[in-house]
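Asks: Below you will find the structure I want to go over with you.
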Amino acid sequence: MSNPMEQFVIKPIIPIKIGDIDISFTNSALFMVLAVVVSTLLLGFCIRKRTIIPSVAQSVPETIYEFINSLIKENVGTEGLKYFPFIFTVFLFVAFGNMLGLLPYAFTFTSHLAAVGGLSLIALLFNVIIGIKKKKWGYLRTFMPKGIPAALAPLIIPIEMISFLSKPFSLTVRLVANMTVGHIMLKIIAGFVLALGVGGIIPIVFNSGIVVFELFIALLQAFIYTVLSCIYLGDAIHSH
């Protein structure tokens, strides 16, 4: 039975080094590119023949569009619709990253802290930029809410900063943990197929059920990640 952790090893495909800095194109980078390319081509294919009465294919991107649109309205408000492209992109990137990782011999970049953490930091910086753009430097009042006595500033400001910086951490850990555990289970059960020979039909059936469940989890985690991104964006826009 192969090591279930082997599937998470990042391997260079095109080795590139600048001095001591390794910027190789890896299997993780490859599947990030594939997530972008596949989602773009798939949605483009679905809307290639647009009609007033949508076909089954056309209804797929329209459903996703309406879904993200309603998420933003519910968690950010109509003011957040101007940032629709960012939220829409985040959802597709995470969703396709999760789903592509379920394919045989694929790599799940959403199971790595570095990849998801980088995306979460981008989301955090995006929120900071939006907050500063909207409220100028008054945005810094986020760390010292109105009505708090100045004497409590040394206590309140560090607490608020820790709470603020924990946002990308919560986004990252939730997604990475779910993707990692699910893929480890799939790998372990798949290992019994060869070990049991003819009797391997049982783990095959069981594994098939887990794949369907993991597909649901992949979409659910993309949904949760997007909802939290919307909530944090709402905090940046509406915080006092």
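In the structure tokens, chains take letters A, B, ... by order of appearance, with residues numbered from 1 within each chain and ligands from 1 in the order shown.
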Leaving out Gly101 in chain A and any residue of its chain fewer than 5 positions from it, which residues lie within 12 Å of it when counting only C-alpha atoms, given as a PyMOL selection string?
Replies: chain A and resi 7-8+27-28+30-32+34-35+94-96+106-112+179-180+182-183+186+211+214-215+218
Asks: Quick one, how far is CA of Asn207 in chain A from CA of Phe93 in chain A?
Replies: 25.6 Å
Asks: Can you tell me which residues surround Glu74 in chain A at a distance of at most 10 Å, considering only C-alpha atoms, apart from same-chain residues fewer than 4 positions away, and format the answer as an NGL selection string?
Replies: :A and (68-70 or 78 or 80 or 227 or 230-231 or 234)
Asks: Can you write out the residues you just picked, keeping N, CA and C atoms, as a short mmCIF file (atom, residue, chain, number, x, y, z; two decimals), in the first residue's frame?
Replies:
```cif
data_model
loop_
_atom_site.label_atom_id
_atom_site.label_comp_id
_atom_site.auth_asym_id
_atom_site.auth_seq_id
_atom_site.Cartn_x
_atom_site.Cartn_y
_atom_site.Cartn_z
N ILE A 68 -23.55 33.53 -6.98
CA ILE A 68 -22.55 34.44 -6.42
C ILE A 68 -23.16 35.82 -6.21
N ASN A 69 -24.01 36.24 -7.12
CA ASN A 69 -24.68 37.54 -7.01
C ASN A 69 -25.51 37.61 -5.73
N SER A 70 -26.26 36.54 -5.44
CA SER A 70 -27.09 36.53 -4.23
C SER A 70 -26.23 36.45 -2.97
N THR A 78 -25.76 45.51 -1.74
CA THR A 78 -25.67 45.88 -3.16
C THR A 78 -24.39 46.64 -3.47
N GLY A 80 -21.54 45.87 -2.60
CA GLY A 80 -20.48 44.90 -2.86
C GLY A 80 -20.50 44.32 -4.26
N VAL A 227 -18.28 32.47 1.03
CA VAL A 227 -19.14 33.18 1.98
C VAL A 227 -18.30 33.96 2.99
N CYS A 230 -16.87 36.98 1.45
CA CYS A 230 -17.90 38.02 1.35
C CYS A 230 -18.11 38.72 2.69
N ILE A 231 -18.14 37.92 3.77
CA ILE A 231 -18.35 38.50 5.10
C ILE A 231 -17.21 39.44 5.46
N GLY A 234 -17.55 42.55 3.53
CA GLY A 234 -18.58 43.37 4.14
C GLY A 234 -18.07 44.11 5.36
#
```
Asks: Using only C-alpha atoms, which of the listed residues (A:Val36, A:Gly117, A:Gly147, A:Ile237) sits closest to Leu81 in chain A?
Replies: A:Ile237
Asks: Identify, with DSSP run on backbone atoms, the residues in range 8-226 of chain A assigned to alpha helix (DSSP H), and express the list as a ChimeraX atom specification.
Replies: /A:27-46,56-75,84-100,113-135,153-196,201-226
Asks: For Ser166 in chain A, list every protein, DNA or RNA residue within 12 Å, evaluated using only C-alpha atoms, and leave out those in the same chain fewer than 6 positions away; present the list as a ChimeraX atom specification.
Replies: /A:117,120-121,124,159-160,172-173,232
Asks: Between CA of Ala190 in chain A and CA of Ala177 in chain A, measure the distance and give it in Å to one decimal.
Replies: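 Taking CA of Ala190 in chain A and CA of Ala177 in chain A, their separation equals 20.0 Å.
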Asks: Could you tell me which of A:Leu41, A:Met99, A:Leu140, A:Ile87 comes closest to Phe216 in chain A if we count only C-alpha atoms?
Replies: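 Nearest to Phe216 in chain A: A:Met99.
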Asks: In Å, with one decimal, what is the gap from CA of Ile129 in chain A to CA of Leu175 in chain A?
Replies: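 Interatomic distance here is 24.3 Å.
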Asks: Rank A:Phe86, A:Glu6, A:Asn178, A:His238 by their smallest atom-to-atom distance to Phe213 in chain A, using only C-alpha atoms, and report the top residue only.
Replies: A:Asn178
Asks: Enumerate the residues of range 21-102 of chain A with a DSSP assignment of strand (DSSP E), computed from the backbone, and present them as a PyMOL selection string.
Replies: chain A and resi 21-22+25-26
Asks: Would you output that residue set with C-alpha atoms, as a PDB file, in the first residue's frame?
Replies:
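Generated file (part_11.pdb):
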```
ATOM      1  CA  ILE A  21      15.926  30.879  -5.102  1.00  0.00           C
ATOM      2  CA  ASP A  22      13.878  27.985  -6.473  1.00  0.00           C
ATOM      3  CA  PHE A  25       7.138  25.195 -12.223  1.00  0.00           C
ATOM      4  CA  THR A  26       5.645  22.443 -10.059  1.00  0.00           C
TER       5      THR A  26
END
```
Asks: When distances are computed from only C-alpha atoms, which of A:Ala236, A:Asn98, A:Met185, A:Leu43 shows the smallest separation from Gly138 in chain A?
Replies: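 Looking only at the distances to Gly138 in chain A, the closest residue turns out to be A:Ala236.
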Asks: Using only C-alpha atoms, find the one residue out of A:Leu119, A:Ile224, A:Pro154, A:Ile72 that sits nearest to Val90 in chain A.
Replies: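 Closest candidate: A:Leu119.
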